[in-house]
>>> print(open('coords-v5.tsv').read())   # TSV, C-alpha atoms
chain	number	residue	atom	x	y	z
A	1	MET	CA	-32.70	-111.20	-17.19
A	2	GLN	CA	-32.92	-108.43	-14.62
A	3	LEU	CA	-34.33	-105.03	-15.55
A	4	ASP	CA	-32.76	-102.60	-17.97
A	5	VAL	CA	-34.07	-99.19	-19.08
A	6	HIS	CA	-33.06	-97.43	-22.31
A	7	ARG	CA	-34.02	-93.84	-23.07
A	8	TYR	CA	-34.53	-92.04	-26.39
A	9	PRO	CA	-36.23	-88.80	-27.42
A	10	CYS	CA	-39.02	-89.14	-30.00
A	11	ASP	CA	-40.92	-86.20	-31.55
A	12	ASN	CA	-42.18	-84.23	-28.55
A	13	CYS	CA	-41.78	-87.00	-26.03
A	14	VAL	CA	-39.23	-89.20	-24.30
A	15	VAL	CA	-39.48	-92.98	-24.56
A	16	LEU	CA	-38.23	-95.26	-21.79
A	17	VAL	CA	-37.80	-98.77	-23.17
A	18	VAL	CA	-38.08	-101.28	-20.32
A	19	LEU	CA	-36.45	-104.69	-20.79
A	20	GLY	CA	-36.59	-107.73	-18.54
A	21	ASP	CA	-38.49	-108.46	-15.35
A	22	LEU	CA	-40.37	-105.55	-13.79
A	23	ASP	CA	-40.63	-107.06	-10.30
A	24	LEU	CA	-39.65	-106.21	-6.73
A	25	ALA	CA	-35.98	-106.41	-7.80
A	26	GLY	CA	-36.27	-104.39	-11.01
A	27	ALA	CA	-38.91	-101.81	-10.12
A	28	PRO	CA	-36.58	-99.35	-8.30
A	29	ARG	CA	-34.53	-98.98	-11.49
A	30	LEU	CA	-37.58	-97.83	-13.46
A	31	ARG	CA	-38.76	-95.59	-10.61
A	32	GLN	CA	-35.37	-93.81	-10.63
A	33	SER	CA	-35.55	-93.30	-14.39
A	34	VAL	CA	-39.04	-91.79	-14.16
A	35	VAL	CA	-38.04	-89.50	-11.29
A	36	ALA	CA	-35.09	-88.31	-13.41
A	37	GLU	CA	-37.48	-87.47	-16.28
A	38	THR	CA	-39.78	-85.41	-14.07
A	39	ALA	CA	-36.72	-83.58	-12.73
A	40	THR	CA	-35.59	-82.62	-16.24
A	41	GLY	CA	-39.04	-81.39	-17.25
A	42	THR	CA	-40.15	-84.06	-19.72
A	43	ARG	CA	-43.70	-83.15	-20.83
A	44	HIS	CA	-44.75	-86.47	-22.32
A	45	LEU	CA	-43.21	-89.74	-21.19
A	46	VAL	CA	-43.84	-93.02	-22.98
A	47	LEU	CA	-43.16	-96.25	-21.08
A	48	ASP	CA	-42.56	-98.97	-23.65
A	49	LEU	CA	-43.22	-102.30	-21.92
A	50	THR	CA	-43.03	-104.38	-25.14
A	51	ALA	CA	-39.86	-106.15	-23.97
A	52	VAL	CA	-41.01	-106.72	-20.39
A	53	ASP	CA	-41.00	-110.46	-19.72
A	54	PHE	CA	-42.75	-110.35	-16.36
A	55	ILE	CA	-44.56	-107.77	-14.22
A	56	ASP	CA	-45.68	-108.08	-10.61
A	57	SER	CA	-47.66	-105.83	-8.27
A	58	THR	CA	-44.55	-103.80	-7.39
A	59	GLY	CA	-43.94	-103.17	-11.09
A	60	LEU	CA	-47.58	-102.13	-11.56
A	61	GLY	CA	-47.15	-99.85	-8.55
A	62	VAL	CA	-44.25	-98.07	-10.24
A	63	VAL	CA	-46.33	-97.53	-13.40
A	64	VAL	CA	-49.19	-96.12	-11.27
A	65	GLY	CA	-46.71	-93.96	-9.35
A	66	SER	CA	-45.23	-92.72	-12.63
A	67	LEU	CA	-48.63	-91.43	-13.72
A	68	ARG	CA	-49.05	-89.65	-10.39
A	69	ARG	CA	-45.55	-88.10	-10.56
A	70	LEU	CA	-46.00	-86.88	-14.13
A	71	ARG	CA	-49.43	-85.41	-13.46
A	72	ALA	CA	-47.98	-83.55	-10.47
A	73	HIS	CA	-45.60	-81.91	-12.97
A	74	ASP	CA	-48.40	-81.21	-15.48
A	75	ALA	CA	-46.89	-83.83	-17.75
A	76	GLU	CA	-48.40	-86.89	-19.41
A	77	LEU	CA	-47.70	-90.61	-19.38
A	78	SER	CA	-48.44	-93.14	-22.11
A	79	VAL	CA	-47.99	-96.89	-21.74
A	80	VAL	CA	-47.13	-99.20	-24.64
A	81	CYS	CA	-48.02	-102.81	-23.83
A	82	PRO	CA	-48.85	-105.11	-26.74
A	83	GLU	CA	-48.14	-108.42	-24.96
A	84	GLN	CA	-51.25	-110.18	-23.68
A	85	ARG	CA	-49.44	-111.82	-20.76
A	86	ILE	CA	-48.49	-108.38	-19.40
A	87	ARG	CA	-51.83	-106.75	-20.29
A	88	ARG	CA	-53.58	-109.50	-18.32
A	89	VAL	CA	-51.86	-108.37	-15.09
A	90	PHE	CA	-53.02	-104.76	-15.67
A	91	GLU	CA	-56.54	-106.07	-16.32
A	92	MET	CA	-56.53	-108.23	-13.19
A	93	CYS	CA	-55.94	-105.08	-11.12
A	94	ASP	CA	-58.49	-103.04	-13.12
A	95	LEU	CA	-55.63	-100.78	-14.21
A	96	ASP	CA	-56.69	-101.06	-17.86
A	97	ARG	CA	-59.38	-98.57	-16.77
A	98	VAL	CA	-56.67	-96.11	-15.68
A	99	PHE	CA	-54.24	-96.53	-18.58
A	100	THR	CA	-54.77	-96.83	-22.30
A	101	LEU	CA	-52.43	-99.68	-23.22
A	102	HIS	CA	-51.11	-98.81	-26.68
A	103	ALA	CA	-49.88	-101.39	-29.18
A	104	THR	CA	-46.90	-99.35	-30.42
A	105	VAL	CA	-44.92	-96.22	-29.55
A	106	ALA	CA	-46.25	-94.63	-32.76
A	107	ASP	CA	-49.82	-95.24	-31.57
A	108	ALA	CA	-49.06	-93.67	-28.20
A	109	VAL	CA	-47.58	-90.56	-29.84
A	110	ALA	CA	-50.41	-90.27	-32.40
A	111	ASP	CA	-53.06	-90.67	-29.70
A	112	ARG	CA	-51.61	-87.81	-27.72
A	113	GLU	CA	-51.32	-85.53	-30.76
A	114	SER	CA	-54.97	-86.12	-31.64
A	115	VAL	CA	-56.14	-84.74	-28.27
B	116	MET	CA	-43.64	-134.85	-20.62
B	117	LYS	CA	-46.27	-136.51	-22.82
B	118	GLY	CA	-49.04	-139.01	-22.37
B	119	GLY	CA	-51.47	-137.22	-20.08
B	120	THR	CA	-49.63	-138.22	-16.94
B	121	SER	CA	-50.07	-136.39	-13.66
B	122	PRO	CA	-46.75	-136.77	-11.89
B	123	LYS	CA	-47.00	-136.40	-8.13
B	124	GLY	CA	-44.31	-135.02	-5.90
B	125	ALA	CA	-43.01	-131.86	-4.33
B	126	VAL	CA	-40.06	-129.53	-4.81
B	127	GLU	CA	-38.78	-127.52	-1.86
B	128	LEU	CA	-36.49	-124.51	-1.99
B	129	LEU	CA	-34.82	-122.52	0.75
B	130	VAL	CA	-34.50	-119.00	-0.67
B	131	PRO	CA	-32.42	-116.15	0.77
B	132	PRO	CA	-34.75	-113.20	1.52
B	133	ARG	CA	-33.42	-111.05	-1.32
B	134	SER	CA	-35.36	-109.84	-4.34
B	135	GLU	CA	-32.64	-111.01	-6.75
B	136	TYR	CA	-33.83	-114.57	-6.08
B	137	LEU	CA	-37.40	-113.98	-7.31
B	138	GLN	CA	-36.52	-114.90	-10.89
B	139	LEU	CA	-35.10	-118.20	-9.69
B	140	VAL	CA	-38.25	-118.94	-7.69
B	141	ARG	CA	-40.44	-118.19	-10.72
B	142	ALA	CA	-38.30	-120.37	-12.97
B	143	ILE	CA	-38.44	-123.35	-10.62
B	144	VAL	CA	-42.15	-123.02	-9.76
B	145	GLY	CA	-42.95	-122.59	-13.46
B	146	ALA	CA	-40.85	-125.58	-14.54
B	147	THR	CA	-42.36	-127.75	-11.80
B	148	ALA	CA	-45.93	-126.77	-12.74
B	149	ALA	CA	-45.17	-127.38	-16.42
B	150	LEU	CA	-44.57	-131.08	-15.62
B	151	GLU	CA	-48.35	-131.32	-15.17
B	152	ASP	CA	-49.88	-131.95	-18.61
B	153	GLY	CA	-53.35	-130.90	-17.50
B	154	LEU	CA	-52.36	-127.32	-16.79
B	155	HIS	CA	-52.89	-124.68	-19.48
B	156	SER	CA	-49.78	-122.56	-20.11
B	157	GLY	CA	-51.71	-119.46	-19.07
B	158	ARG	CA	-52.34	-121.00	-15.67
B	159	VAL	CA	-48.63	-121.84	-15.35
B	160	ALA	CA	-47.98	-118.10	-15.86
B	161	ASP	CA	-50.62	-117.27	-13.23
B	162	LEU	CA	-49.01	-119.67	-10.76
B	163	ARG	CA	-45.58	-118.13	-11.39
B	164	LEU	CA	-47.04	-114.70	-10.69
B	165	VAL	CA	-48.91	-115.57	-7.48
B	166	ALA	CA	-45.92	-117.56	-6.14
B	167	SER	CA	-43.65	-114.61	-6.94
B	168	GLU	CA	-46.05	-112.23	-5.15
B	169	ALA	CA	-46.08	-114.43	-2.07
B	170	VAL	CA	-42.28	-114.66	-1.96
B	171	ALA	CA	-41.94	-110.90	-2.61
B	172	ASN	CA	-44.25	-110.26	0.38
B	173	ALA	CA	-42.13	-112.61	2.47
B	174	ILE	CA	-38.93	-110.80	1.45
B	175	VAL	CA	-40.41	-107.41	2.38
B	176	ALA	CA	-41.82	-108.78	5.65
B	177	GLN	CA	-38.48	-110.23	6.69
B	178	GLY	CA	-36.67	-107.10	5.60
B	179	SER	CA	-38.85	-105.08	7.97
B	180	VAL	CA	-37.46	-107.01	10.95
B	181	LEU	CA	-34.02	-107.72	9.45
B	182	ALA	CA	-34.65	-111.49	9.52
B	183	ALA	CA	-32.01	-113.19	7.35
B	184	ASP	CA	-33.43	-116.73	7.64
B	185	PRO	CA	-34.24	-118.37	4.33
B	186	ILE	CA	-37.83	-118.44	3.06
B	187	LEU	CA	-39.26	-121.92	2.42
B	188	VAL	CA	-41.00	-122.37	-0.92
B	189	ARG	CA	-42.76	-125.69	-1.51
B	190	CYS	CA	-44.40	-126.56	-4.82
B	191	GLU	CA	-46.47	-129.75	-4.79
B	192	LEU	CA	-47.98	-131.55	-7.74
B	193	ALA	CA	-50.99	-133.15	-6.05
B	194	GLY	CA	-52.82	-134.69	-8.99
B	195	ASP	CA	-55.96	-132.59	-9.22
B	196	ARG	CA	-54.19	-129.42	-8.07
B	197	ILE	CA	-50.86	-127.69	-7.65
B	198	VAL	CA	-50.14	-126.21	-4.23
B	199	VAL	CA	-47.48	-123.60	-3.53
B	200	GLU	CA	-46.67	-122.83	0.10
B	201	VAL	CA	-44.44	-119.94	1.14
B	202	THR	CA	-43.28	-119.80	4.75
B	203	ASP	CA	-41.44	-116.78	6.08
B	204	HIS	CA	-40.01	-115.55	9.39
B	205	GLY	CA	-41.47	-112.06	9.21
B	206	PRO	CA	-43.56	-110.32	11.87
B	207	GLY	CA	-46.83	-111.77	10.54
B	208	PHE	CA	-49.77	-109.75	9.39
B	209	ASP	CA	-53.48	-109.49	9.88
B	210	LEU	CA	-55.28	-110.00	6.55
B	211	THR	CA	-58.32	-108.14	7.87
B	212	ALA	CA	-56.06	-105.13	8.49
B	213	VAL	CA	-55.13	-104.86	4.79
B	214	PRO	CA	-56.85	-101.63	3.69
B	215	GLU	CA	-59.50	-101.62	1.00
B	216	LEU	CA	-58.21	-99.78	-2.06
B	217	PRO	CA	-60.21	-96.78	-3.31
B	218	GLU	CA	-62.13	-97.24	-6.55
B	219	VAL	CA	-59.69	-97.48	-9.42
B	220	GLU	CA	-60.86	-94.37	-11.29
B	221	THR	CA	-60.60	-92.02	-8.33
B	222	PRO	CA	-57.56	-89.75	-7.99
B	223	GLU	CA	-56.91	-91.12	-4.49
B	224	ARG	CA	-56.23	-94.51	-6.04
B	225	LEU	CA	-52.97	-93.22	-7.52
B	226	ARG	CA	-51.53	-92.77	-4.05
B	227	TYR	CA	-51.51	-96.54	-3.59
B	228	GLU	CA	-48.41	-97.99	-5.17
B	229	SER	CA	-48.66	-101.20	-3.16
B	230	GLY	CA	-51.41	-103.46	-1.91
B	231	LEU	CA	-52.14	-105.01	-5.31
B	232	GLY	CA	-50.23	-108.21	-4.54
B	233	VAL	CA	-52.76	-109.72	-2.15
B	234	SER	CA	-55.53	-108.85	-4.59
B	235	LEU	CA	-53.66	-110.61	-7.42
B	236	MET	CA	-53.13	-113.72	-5.29
B	237	HIS	CA	-56.86	-113.96	-4.58
B	238	ARG	CA	-57.92	-113.28	-8.16
B	239	LEU	CA	-55.47	-115.55	-9.96
B	240	SER	CA	-55.44	-118.62	-7.71
B	241	ASP	CA	-58.29	-121.05	-7.10
B	242	ALA	CA	-57.66	-120.76	-3.36
B	243	ALA	CA	-55.40	-118.47	-1.32
B	244	GLU	CA	-55.01	-118.95	2.43
B	245	VAL	CA	-52.86	-117.14	4.96
B	246	GLU	CA	-51.86	-118.41	8.38
B	247	SER	CA	-50.05	-115.68	10.24
B	248	GLY	CA	-48.61	-115.42	13.71
B	249	THR	CA	-45.77	-113.74	15.55
B	250	GLY	CA	-43.30	-116.34	14.24
B	251	GLY	CA	-44.07	-115.71	10.60
B	252	THR	CA	-46.57	-116.31	7.86
B	253	LEU	CA	-47.57	-119.28	5.72
B	254	VAL	CA	-49.26	-118.47	2.42
B	255	ARG	CA	-50.89	-121.39	0.59
B	256	LEU	CA	-51.89	-120.94	-3.04
B	257	VAL	CA	-53.82	-123.55	-5.00
B	258	ILE	CA	-54.29	-123.83	-8.74
B	259	ALA	CA	-56.69	-126.54	-9.89
B	260	VAL	CA	-55.53	-128.88	-12.67
B	261	GLY	CA	-57.90	-129.54	-15.56
B	262	ASN	CA	-59.61	-126.15	-15.46
B	263	ALA	CA	-59.68	-124.25	-18.73
>>> encode(input="coords-v5.tsv", output="structure tokens")
Amino acid sequence: MQLDVHRYPCDNCVVLVVLGDLDLAGAPRLRQSVVAETATGTRHLVLDLTAVDFIDSTGLGVVVGSLRRLRAHDAELSVVCPEQRIRRVFEMCDLDRVFTLHATVADAVADRESV
Amino acid sequence: MKGGTSPKGAVELLVPPRSEYLQLVRAIVGATAALEDGLHSGRVADLRLVASEAVANAIVAQGSVLAADPILVRCELAGDRIVVEVTDHGPGFDLTAVPELPEVETPERLRYESGLGVSLMHRLSDAAEVESGTGGTLVRLVIAVGNA
């Protein structure tokens, strides 16, 4: 399946649910969605990668770029990534040191509220 | 396939240089590698990823010079190893010219949205070689069979 992105508001954040393959083909779709969120002033964006079947370096690049874009707007990014096969790719690029990979959306929201 | 066999043979694909075909490449490379009983499923996933990275690089390289020729992907079951070769018709590149990424915790690191692919290919394969010239690039990725 190619990439699909669903959006829903949740407490004080917006969740983007990413489904499918986050690769060279699918990454532009997610990048557009994140750019749209920064344009509308979202303060806390949660990327839910639970239903991502595959991620490549281009997909990782969009997640890294999302963090940079949100910080430039004084906003925050949380990443939900419970699947080991996807976490492994973050770890291989040392990006688990940049992102906290949360197990659930609820964890990501709670972690932010505890700060 | 059961019985501890190590089938030998190669599958070759000619792939249009379009990102929509990456899923197909991963499916075929993954299914070919899965014929090898001695390969852990995690290593099949690694091979799918590094092969996909190599083909993605080829697609981008050919796109930069508007080369529409198909990319050749060859996946060989060679007994003690699986070899994936990706041959493109891009402008070629100098591996030594690939910039070193800043340390991952530094703010400068966030400016780099690309450049992770080559790093992944080196980290996840048992051997990664690049032969590059003006006529294109051949990337050869090796995953050993029988490794945990």
>>> residues_around(input="coords-v5.tsv", residues="Ala25 of chain A", least_positions_apart="5", cutoff="10 Å", atoms="all atoms listed in the file", output="PyMOL selection string")
(chain A and resi 2-3+58-59) or (chain B and resi 133-138+171)
>>> closest_residue(input="coords-v5.tsv", among="A:Ile55, A:Leu49, A:Val34, A:Ala106", to="chain B", atoms="all atoms listed in the file")
A:Ile55
>>> closest_residue(input="coords-v5.tsv", among="B:Gly153, B:Pro132, B:Gly207, B:Gly250", to="chain A", atoms="all atoms listed in the file")
B:Pro132
>>> closest_residue(input="coords-v5.tsv", among="A:Leu30, A:Met92, A:Val79, A:Val5", to="Asp111 of chain A", atoms="all atoms listed in the file")
A:Val79
>>> atom_distance(input="coords-v5.tsv", atom1="atom CA of Leu101 of chain A", atom2="atom CA of Cys81 of chain A")
5.4 Å
>>> interface_residues(input="coords-v5.tsv", of="chain A", to="chain B", cutoff="9 Å", atoms="only C-alpha atoms", output="ChimeraX atom specification")
/A:1-2,21,23-26,54-58,60-65,67-68,85,89,92-95,97-98
>>> residues_near_point(input="coords-v5.tsv", point="(-49.8, -83.7, -14.3)", cutoff="12 Å", atoms="all atoms listed in the file", output="ChimeraX atom specification")
/A:38,41-45,65-77 /B:222
>>> residues_around(input="coords-v5.tsv", residues="Val159 of chain B", least_positions_apart="4", cutoff="10 Å", atoms="all atoms listed in the file", output="PyMOL selection string")
chain B and resi 144-149+151+154-155+163-164+197+258
>>> atom_distance(input="coords-v5.tsv", atom1="atom CA of Arg29 of chain A", atom2="atom CA of Leu139 of chain B")
19.3 Å
>>> closest_residue(input="coords-v5.tsv", among="A:Val80, A:Ala108, A:Cys13, A:Leu47", to="Arg31 of chain A", atoms="only C-alpha atoms")
A:Leu47
>>> residues_near_point(input="coords-v5.tsv", point="(-31.3, -112.7, 8.5)", cutoff="12 Å", atoms="all atoms listed in the file", output="list of chain:residue names")
B:Val130, B:Pro131, B:Pro132, B:Arg133, B:Ile174, B:Ala176, B:Gln177, B:Gly178, B:Ser179, B:Val180, B:Leu181, B:Ala182, B:Ala183, B:Asp184, B:Pro185, B:Ile186, B:Asp203, B:His204, B:Gly205
